[in-house]
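Engineer: For reference, the file target_32.txt (compact mmCIF, C-alpha atoms and all ligand atoms) is included below:
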# COMPACT_ATOMS: atom_id res chain seq x y z
CA MET W 1 83.68 -1.13 -79.10
CA LYS W 2 86.99 -2.06 -77.43
CA LYS W 3 86.72 -2.53 -73.65
CA ILE W 4 89.66 -0.67 -72.11
CA ILE W 5 90.85 -2.13 -68.80
CA TYR W 6 94.11 -0.24 -68.25
CA SER W 7 95.86 2.96 -69.33
CA ASP W 8 99.57 3.52 -68.71
CA GLN W 9 101.34 6.76 -67.81
CA SER W 10 101.80 7.73 -71.44
CA GLY W 11 98.03 7.47 -71.92
CA LYS W 12 98.21 4.24 -73.95
CA SER W 13 95.10 2.11 -73.39
CA TYR W 14 94.89 -1.69 -73.28
CA THR W 15 92.12 -4.22 -73.70
CA LYS W 16 92.32 -7.46 -71.69
CA SER W 17 94.28 -9.39 -74.31
CA GLU W 18 96.53 -6.40 -75.09
CA PHE W 19 97.33 -5.96 -71.41
CA ILE W 20 98.24 -9.64 -70.96
CA ARG W 21 100.52 -9.44 -74.03
CA TYR W 22 102.10 -6.18 -72.79
CA PHE W 23 102.70 -7.63 -69.30
CA GLU W 24 104.22 -10.90 -70.46
CA ALA W 25 106.36 -9.25 -73.15
CA LYS W 26 107.79 -6.79 -70.61
CA VAL W 27 108.65 -9.62 -68.20
CA PHE W 28 110.27 -11.64 -71.02
CA ARG W 29 112.35 -8.56 -71.96
CA THR W 30 113.52 -8.17 -68.36
CA ILE W 31 114.54 -11.84 -68.24
CA ARG W 32 116.50 -11.50 -71.51
CA LYS W 33 118.04 -8.11 -70.75
CA TYR W 34 119.45 -9.25 -67.41
CA GLY W 35 120.39 -12.75 -68.58
CA MET W 36 118.34 -14.34 -65.81
CA PHE W 37 118.51 -17.85 -67.28
CA ASP W 38 121.54 -19.93 -68.17
CA LYS W 39 121.33 -23.13 -70.13
CA GLY W 40 120.49 -26.09 -67.91
CA ASP W 41 119.30 -23.94 -65.00
CA LYS W 42 116.99 -25.33 -62.38
CA ILE W 43 114.84 -22.42 -61.25
CA VAL W 44 113.01 -22.57 -57.95
CA VAL W 45 110.26 -19.98 -57.50
CA ALA W 46 109.88 -18.59 -53.99
CA MET W 47 106.15 -19.24 -53.76
CA SER W 48 103.92 -17.52 -51.23
CA GLY W 49 100.61 -18.18 -52.96
CA GLY W 50 100.14 -14.40 -53.35
CA LYS W 51 99.74 -12.57 -56.66
CA ASP W 52 103.43 -11.80 -57.23
CA SER W 53 104.75 -15.32 -56.82
CA VAL W 54 101.85 -16.78 -58.81
CA ALA W 55 102.45 -14.36 -61.73
CA THR W 56 106.19 -15.12 -61.63
CA ALA W 57 105.71 -18.89 -61.59
CA HIS W 58 103.09 -18.79 -64.36
CA ILE W 59 105.27 -16.77 -66.72
CA LEU W 60 108.40 -18.82 -65.97
CA ASN W 61 106.41 -21.99 -66.54
CA GLN W 62 105.47 -20.75 -70.02
CA ILE W 63 109.08 -20.00 -70.92
CA ILE W 64 110.65 -23.03 -69.32
CA SER W 65 108.25 -25.51 -70.89
CA LYS W 66 109.61 -24.32 -74.27
CA ARG W 67 113.31 -24.20 -73.33
CA GLY W 68 113.93 -27.36 -71.34
CA GLU W 69 115.12 -25.80 -68.07
CA GLN W 70 113.54 -27.11 -64.88
CA LEU W 71 111.09 -25.27 -62.64
CA GLU W 72 109.90 -26.05 -59.12
CA ALA W 73 108.31 -24.01 -56.34
CA LEU W 74 109.31 -23.63 -52.71
CA LEU W 75 107.06 -22.17 -50.05
CA ILE W 76 108.24 -21.12 -46.60
CA ASP W 77 105.43 -21.52 -44.08
CA GLU W 78 106.65 -19.20 -41.33
CA GLY W 79 103.47 -19.78 -39.32
CA ILE W 80 101.15 -16.76 -39.53
CA PRO W 81 97.66 -17.99 -38.66
CA GLY W 82 94.77 -16.55 -40.66
CA TYR W 83 97.08 -15.55 -43.50
CA ARG W 84 99.70 -18.08 -44.56
CA ASP W 85 97.26 -21.00 -44.20
CA ILE W 86 95.05 -19.33 -46.84
CA THR W 87 97.92 -18.57 -49.23
CA ILE W 88 99.23 -22.15 -48.86
CA LYS W 89 95.88 -23.47 -50.11
CA ASP W 90 96.08 -21.10 -53.09
CA ALA W 91 99.70 -22.10 -53.78
CA LYS W 92 98.83 -25.81 -53.72
CA LYS W 93 95.95 -25.31 -56.13
CA PHE W 94 98.01 -23.12 -58.46
CA CYS W 95 100.98 -25.52 -58.55
CA LYS W 96 98.69 -28.50 -59.15
CA ASP W 97 96.93 -26.69 -62.02
CA GLU W 98 100.27 -25.67 -63.57
CA GLY W 99 102.00 -29.01 -62.98
CA ILE W 100 104.74 -27.41 -60.85
CA LYS W 101 106.23 -29.47 -58.00
CA LEU W 102 105.78 -27.61 -54.70
CA THR W 103 107.95 -28.13 -51.62
CA ILE W 104 106.90 -26.60 -48.29
CA ALA W 105 109.53 -25.81 -45.67
CA SER W 106 108.91 -24.25 -42.28
CA PRO W 107 110.71 -23.13 -39.13
CA LYS W 108 108.33 -25.49 -37.29
CA LYS W 109 109.84 -28.49 -39.12
CA GLU W 110 113.39 -27.17 -39.09
CA PHE W 111 113.67 -25.52 -35.65
CA LYS W 112 110.49 -26.63 -33.80
CA PHE W 113 108.91 -23.17 -33.55
CA THR W 114 106.74 -20.91 -35.69
CA LEU W 115 107.19 -17.18 -36.25
CA THR W 116 104.25 -16.52 -33.92
CA GLN W 117 105.80 -18.64 -31.15
CA ALA W 118 109.14 -16.87 -31.55
CA LEU W 119 107.42 -13.47 -31.42
CA ASN W 120 105.68 -14.47 -28.18
CA LYS W 121 109.08 -15.14 -26.61
CA LEU W 122 111.21 -12.39 -28.12
CA SER W 123 110.17 -8.78 -28.47
CA LYS W 124 111.46 -8.24 -31.98
CA ASN W 125 110.16 -6.63 -35.14
CA PRO W 126 108.01 -9.33 -36.82
CA CYS W 127 109.15 -8.52 -40.35
CA ASN W 128 112.85 -8.55 -39.42
CA MET W 129 112.47 -11.93 -37.74
CA CYS W 130 110.33 -13.26 -40.56
CA GLY W 131 112.90 -12.06 -43.10
CA THR W 132 115.70 -13.89 -41.27
CA LEU W 133 113.70 -17.15 -41.15
CA ARG W 134 112.54 -16.91 -44.73
CA ARG W 135 115.89 -15.99 -46.29
CA TYR W 136 117.67 -18.78 -44.41
CA LEU W 137 115.16 -21.50 -45.24
CA LEU W 138 114.78 -20.36 -48.82
CA ASN W 139 118.49 -20.70 -49.49
CA LEU W 140 118.82 -23.94 -47.50
CA TYR W 141 115.94 -25.69 -49.26
CA ALA W 142 116.78 -24.26 -52.69
CA LYS W 143 120.15 -26.01 -52.32
CA LYS W 144 118.44 -29.22 -51.23
CA LEU W 145 116.37 -28.98 -54.43
CA ASN W 146 119.59 -28.44 -56.46
CA ALA W 147 118.38 -25.04 -57.65
CA THR W 148 120.77 -22.88 -59.65
CA LYS W 149 118.56 -19.74 -59.28
CA VAL W 150 115.74 -18.66 -56.99
CA ALA W 151 113.08 -16.52 -58.69
CA THR W 152 111.22 -14.15 -56.39
CA GLY W 153 108.05 -12.16 -57.07
CA HIS W 154 109.49 -8.75 -56.15
CA ASN W 155 107.87 -6.03 -58.22
CA LEU W 156 108.77 -2.39 -58.95
CA ASP W 157 106.90 -1.10 -55.88
CA ASP W 158 108.71 -3.56 -53.56
CA GLU W 159 112.10 -2.57 -54.92
CA ALA W 160 111.40 1.19 -54.80
CA GLN W 161 110.32 0.79 -51.16
CA THR W 162 113.46 -1.17 -50.25
CA VAL W 163 115.74 1.37 -51.95
CA LEU W 164 114.16 4.23 -49.98
CA MET W 165 114.05 2.25 -46.71
CA ASN W 166 117.79 1.64 -47.01
CA GLN W 167 118.40 5.32 -47.75
CA TYR W 168 116.28 6.47 -44.81
CA LYS W 169 118.08 4.12 -42.43
CA GLY W 170 121.54 4.94 -43.76
CA ASN W 171 122.00 1.33 -44.95
CA VAL W 172 123.04 2.12 -48.49
CA GLN W 173 125.44 -0.85 -48.52
CA LEU W 174 122.39 -3.14 -48.34
CA SER W 175 121.10 -1.64 -51.59
CA ALA W 176 124.16 -3.00 -53.39
CA LYS W 177 122.58 -6.45 -53.00
CA LEU W 178 119.38 -5.34 -54.77
CA GLY W 179 118.65 -5.15 -58.50
CA PRO W 180 116.98 -7.51 -61.01
CA VAL W 181 119.67 -10.13 -60.31
CA THR W 182 120.76 -9.85 -56.71
CA GLY W 183 124.09 -10.11 -54.99
CA VAL W 184 127.40 -8.28 -54.97
CA THR W 185 129.70 -11.30 -54.82
CA GLU W 186 129.11 -14.97 -55.62
CA HIS W 187 129.39 -17.85 -53.17
CA LYS W 188 128.96 -21.54 -53.89
CA LYS W 189 126.50 -21.90 -51.01
CA PHE W 190 124.38 -18.90 -51.91
CA ILE W 191 121.80 -19.35 -54.66
CA ARG W 192 121.40 -16.24 -56.77
CA ARG W 193 118.01 -14.51 -56.79
CA ILE W 194 116.32 -13.26 -59.94
CA LYS W 195 113.34 -10.91 -60.06
CA PRO W 196 111.43 -11.26 -63.36
CA LEU W 197 108.70 -8.78 -62.26
CA TYR W 198 111.27 -6.08 -61.48
CA PHE W 199 109.75 -3.46 -63.80
CA MET W 200 106.08 -4.32 -63.24
CA THR W 201 104.11 -2.23 -60.74
CA GLU W 202 102.08 -3.75 -57.94
CA LYS W 203 98.91 -2.57 -59.69
CA GLU W 204 99.92 -4.20 -62.97
CA VAL W 205 100.63 -7.52 -61.23
CA ALA W 206 97.23 -7.37 -59.52
CA ILE W 207 95.50 -6.67 -62.85
CA TYR W 208 97.40 -9.51 -64.56
CA THR W 209 96.51 -12.14 -61.92
CA THR W 210 92.89 -10.97 -61.89
CA LEU W 211 92.61 -11.13 -65.69
CA LYS W 212 94.20 -14.58 -65.70
CA GLY W 213 91.66 -15.74 -63.09
CA PHE W 214 94.19 -17.07 -60.58
CA GLN W 215 92.85 -17.86 -57.13
CA VAL W 216 94.85 -15.50 -54.88
CA ILE W 217 93.98 -13.30 -51.91
CA TYR W 218 94.73 -9.61 -52.23
CA THR W 219 94.86 -8.83 -48.50
CA GLU W 220 98.27 -8.37 -46.96
CA CYS W 221 99.88 -10.12 -44.04
CA PRO W 222 98.38 -8.80 -40.76
CA LYS W 223 101.89 -8.05 -39.48
CA ALA W 224 102.57 -5.70 -42.41
CA ARG W 225 100.22 -2.97 -41.21
CA ASP W 226 102.51 -1.27 -38.71
CA SER W 227 105.77 -1.97 -40.48
CA PHE W 228 108.27 0.63 -41.67
CA ARG W 229 107.73 -0.74 -45.18
CA SER W 230 104.02 0.08 -45.09
CA THR W 231 104.80 3.68 -44.04
CA VAL W 232 107.27 4.05 -46.92
CA ARG W 233 104.82 2.36 -49.32
CA ASP W 234 102.05 4.84 -48.41
CA GLN W 235 104.48 7.73 -48.83
CA ILE W 236 105.59 6.58 -52.30
CA ASN W 237 101.99 5.91 -53.36
CA ASP W 238 100.99 9.44 -52.29
CA LEU W 239 103.88 10.90 -54.26
CA GLU W 240 103.06 8.74 -57.29
CA ASN W 241 99.44 9.96 -57.22
CA ASN W 242 100.57 13.58 -57.21
CA TYR W 243 103.64 13.22 -59.44
CA PRO W 244 103.18 10.20 -61.76
CA GLY W 245 106.44 8.47 -62.61
CA ILE W 246 108.03 8.67 -59.13
CA LYS W 247 108.37 4.88 -58.76
CA ASN W 248 110.04 4.48 -62.14
CA GLY W 249 112.25 7.46 -61.29
CA ILE W 250 113.46 5.81 -58.05
CA ILE W 251 114.25 2.53 -59.81
CA ASN W 252 115.85 4.02 -62.93
CA SER W 253 118.16 6.30 -60.92
CA PHE W 254 118.96 3.41 -58.58
CA LEU W 255 119.90 1.15 -61.51
CA GLU W 256 122.20 3.88 -62.85
CA MET W 257 124.03 3.98 -59.52
CA LEU W 258 124.04 0.22 -58.88
CA PRO W 259 127.20 -0.75 -60.83
CA ARG W 260 129.24 1.91 -59.00
CA LEU W 261 127.69 0.93 -55.66
CA ARG W 262 128.57 -2.72 -56.22
CA LYS W 263 132.11 -1.95 -57.34
CA GLU W 264 132.69 0.20 -54.31
CA LEU W 265 131.15 -2.22 -51.84
CA ALA W 266 132.23 -5.57 -53.33
CA PRO W 267 135.47 -5.77 -51.29
CA LYS W 268 133.46 -5.19 -48.08
CA SER W 269 130.62 -7.57 -49.03
CA LYS W 270 132.50 -10.83 -48.85
CA ILE W 271 130.20 -13.77 -48.11
CA ARG W 272 131.68 -16.13 -45.53
CA GLU W 273 130.39 -19.29 -43.86
CA CYS W 274 128.69 -19.10 -40.49
CA GLU W 275 130.94 -20.65 -37.83
CA SER W 276 127.96 -22.40 -36.31
CA CYS W 277 125.88 -23.77 -39.22
CA GLN W 278 128.30 -23.26 -42.17
CA GLU W 279 125.59 -21.53 -44.18
CA PRO W 280 126.45 -18.27 -46.02
CA ALA W 281 126.76 -15.30 -43.67
CA ALA W 282 127.89 -11.69 -43.67
CA LYS W 283 129.35 -12.06 -40.16
CA LYS W 284 131.04 -14.80 -38.10
CA ILE W 285 127.65 -16.06 -36.90
CA CYS W 286 124.68 -15.77 -39.26
CA SER W 287 121.47 -13.96 -38.29
CA MET W 288 119.57 -17.26 -38.13
CA CYS W 289 121.99 -18.79 -35.59
CA GLU W 290 121.86 -15.56 -33.55
CA LEU W 291 118.08 -15.76 -33.54
CA LEU W 292 118.14 -19.44 -32.54
CA GLY W 293 120.51 -18.62 -29.67
CA GLU W 294 118.22 -15.84 -28.42
CA TYR W 295 115.15 -18.06 -28.73
CA ARG W 296 116.72 -20.91 -26.77
CA GLN W 297 117.90 -18.60 -24.02
CA ALA W 298 114.58 -16.76 -23.66
CA LYS W 299 112.26 -17.90 -20.90
S1 LIG W 301 104.63 -8.67 -43.74
FE1 LIG W 301 106.35 -9.12 -42.40
S2 LIG W 301 105.68 -10.85 -41.15
FE2 LIG W 301 104.28 -10.72 -42.88
S3 LIG W 301 105.11 -12.14 -44.42
FE3 LIG W 301 105.95 -10.08 -44.86
S4 LIG W 301 107.91 -10.00 -43.77
FE4 LIG W 301 106.74 -11.72 -42.92
Show me, as structure tokens, the structure contained in the file I just sent.

Structural biologist:
Amino acid sequence: MKKIIYSDQSGKSYTKSEFIRYFEAKVFRTIRKYGMFDKGDKIVVAMSGGKDSVATAHILNQIISKRGEQLEALLIDEGIPGYRDITIKDAKKFCKDEGIKLTIASPKKEFKFTLTQALNKLSKNPCNMCGTLRRYLLNLYAKKLNATKVATGHNLDDEAQTVLMNQYKGNVQLSAKLGPVTGVTEHKKFIRRIKPLYFMTEKEVAIYTTLKGFQVIYTECPKARDSFRSTVRDQINDLENNYPGIKNGIINSFLEMLPRLRKELAPKSKIRECESCQEPAAKKICSMCELLGEYRQAK
């Protein structure tokens, strides 16, 4: 008798091997549909060592080994004790097993402080500060690695949460930067992000990495618990339990609106260079340089 390990919303059931085929085929279709690769690309995977980045890197490694593009991994160690140190170990093991070169960058190396040290000095939202550090270092080091694209492990749940968070906060212009291939306008110093897992749910990614036997932890960052994102995530999960299809509904309607949103907001979304560090910025001074200024001034 067939051992069923997963049933989708339409009631279709999958055995282990069927699920792995379904998952990989859907990711391949997303990559093709959104033209995520160009000939001669060097893709750098934003590696955290968690399930999403591991699944992304594994699938890209399968494709790239056949096509001749290059693949490397980049991990930003923001400095979260008891969490990132564990995922770094997993990332190192995974990259070694897959033969993927891993580079580790950190605010400690770059700016001489960790996220935890900065949070002790500045009373700021941990995820906002972490996001600023991570985005900045990811782009900076991706350029150092001569990447042409950065692949992130964002899944359908992540994107649905971000879309709603932007709506709730009245930041709809930020949503114009979302989508399977990010960005409203191009800039030579900004490396485009691609999201191969865009249409895969969090649950599906967890099943895939478990079935593949990857060594990853399934606990979340301790700072995530009280975040706005976790409130929105719980809300969407509750809705999905009661009204299956909500997550797909959020993403499908968002993708219908995205071209119009981008067209409308493109003139206002010009990327400029930060007057202090010359990295890409939305304002005169980038968020990273603002944060550095605040950190240096704080007692
Ligand atoms: S939950 Fe917040 S602090 Fe933790 S890794 Fe994510 S963004 Fe950073």

Engineer: How would you report the residues lying within 10 Å of ligand LIG 301 (chain W), as an MDAnalysis selection string, if you count all atoms listed in the file?

Structural biologist: chainID W and resid 48 76:80 83:84 115:116 125:134 220:230

Engineer: Using all atoms listed in the file, determine which residues lie at most 12 Å from Ser10 in chain W, disregarding the query and same-chain residues fewer than 3 positions distant; provide the list as a PyMOL selection string.

Structural biologist: chain W and resi 6-7+13-14+244-245

Engineer: Could you write out that same residue set with C-alpha atoms as a PDB file, in the frame of the given file?

Structural biologist:
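Contents of the output file result_13.pdb:
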ATOM      1  CA  TYR W   6      94.110  -0.240 -68.250  1.00  0.00           C
ATOM      2  CA  SER W   7      95.860   2.960 -69.330  1.00  0.00           C
ATOM      3  CA  SER W  13      95.100   2.110 -73.390  1.00  0.00           C
ATOM      4  CA  TYR W  14      94.890  -1.690 -73.280  1.00  0.00           C
ATOM      5  CA  PRO W 244     103.180  10.200 -61.760  1.00  0.00           C
ATOM      6  CA  GLY W 245     106.440   8.470 -62.610  1.00  0.00           C
TER       7      GLY W 245
END

Engineer: Looking at W:Ser53, W:Gln215, W:Thr231, W:Thr209, which one is nearest to Thr162 in chain W, with distances taken over all atoms listed in the file?

Structural biologist: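 Of the candidates, the smallest distance to Thr162 in chain W is held by W:Thr231.
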
Engineer: What is the CA of His154 in chain W-CA of Ile5 in chain W distance in Å, reported with one decimal?

Structural biologist: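 One can read the CA of His154 in chain W to CA of Ile5 in chain W distance as 23.5 Å.
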
Engineer: So how many Å separate CA of Ile88 in chain W and CA of Lys51 in chain W, to one decimal?

Structural biologist: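 So the answer is 12.4 Å.
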
Engineer: Go ahead and compute the interatomic distance for CA of Phe113 in chain W and CA of Arg296 in chain W, in Å to one decimal.

Structural biologist: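 About the pair CA of Phe113 in chain W and CA of Arg296 in chain W: they are 10.6 Å apart.
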
Engineer: Choose the residue, out of W:Ile246, W:Leu156, W:Met36, W:Val163, that has the smallest atom-to-atom separation from Lys203 in chain W; count only C-alpha atoms.

Structural biologist: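 Using only C-alpha atoms, Lys203 in chain W sits closest to W:Leu156.
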
Engineer: So which residues fall inside 9 Å of (117.2, 1.3, -60.4) if we count only C-alpha atoms? Mind giving them as a PyMOL selection string?

Structural biologist: chain W and resi 159-160+163+178-180+248-258

Engineer: Write out as a ChimeraX atom specification which residues come within 12 Å of Thr15 in chain W when counting only C-alpha atoms, dropping same-chain ones fewer than 4 positions away.

Structural biologist: /W:1-8,19-23,207-208,211

Engineer: Counting all atoms listed in the file, which residues have an atom no more than 6 Å from (108.2, -9.5, -58.5) in the file's coordinates? Please list them as a list in words.

Structural biologist: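 Every residue inside that radius is included here: Asp52, Thr152, Gly153, His154, Asn155, Lys195, Leu197 and Tyr198 of chain W.
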
Engineer: Any chance you could tabulate, as a tab-separated table, the residues of range 35-59 of chain W at most 12 Å from range 65-68 of chain W with each one's nearest atom pair and distance in Å to one decimal, using all atoms listed in the file, in chain and rising number order?

Structural biologist:
residue	atom	partner	partner_atom	distance
W:Phe37	CA	W:Arg67	CA	10.2
W:Asp38	CA	W:Arg67	CA	10.6
W:Lys39	CA	W:Gly68	CA	8.6
W:Gly40	CA	W:Gly68	CA	7.5
W:Asp41	CA	W:Gly68	CA	9.0
W:Lys42	CA	W:Gly68	CA	9.7
W:Ile43	CA	W:Gly68	CA	11.3
W:Ala57	CA	W:Ser65	CA	11.7
W:His58	CA	W:Ser65	CA	10.7
W:Ile59	CA	W:Ser65	CA	10.1

Engineer: Could you tell me which of W:Tyr34, W:Phe94, W:Phe190, W:Tyr136 comes closest to Cys286 in chain W if we count all atoms listed in the file?

Structural biologist: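 Looking only at the distances to Cys286 in chain W, the closest residue turns out to be W:Tyr136.
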
Engineer: Nearest residue to Gly99 in chain W out of W:Ile236, W:Leu71, W:Ile191, W:Ala206, using all atoms listed in the file?

Structural biologist: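 The answer is W:Leu71, which sits nearest to Gly99 in chain W.
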
Engineer: Between W:Val45, W:Leu239, W:Leu119, W:Leu265, which one has atoms that come closest to Tyr141 in chain W, using all atoms listed in the file?

Structural biologist: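 The answer is W:Val45, which sits nearest to Tyr141 in chain W.
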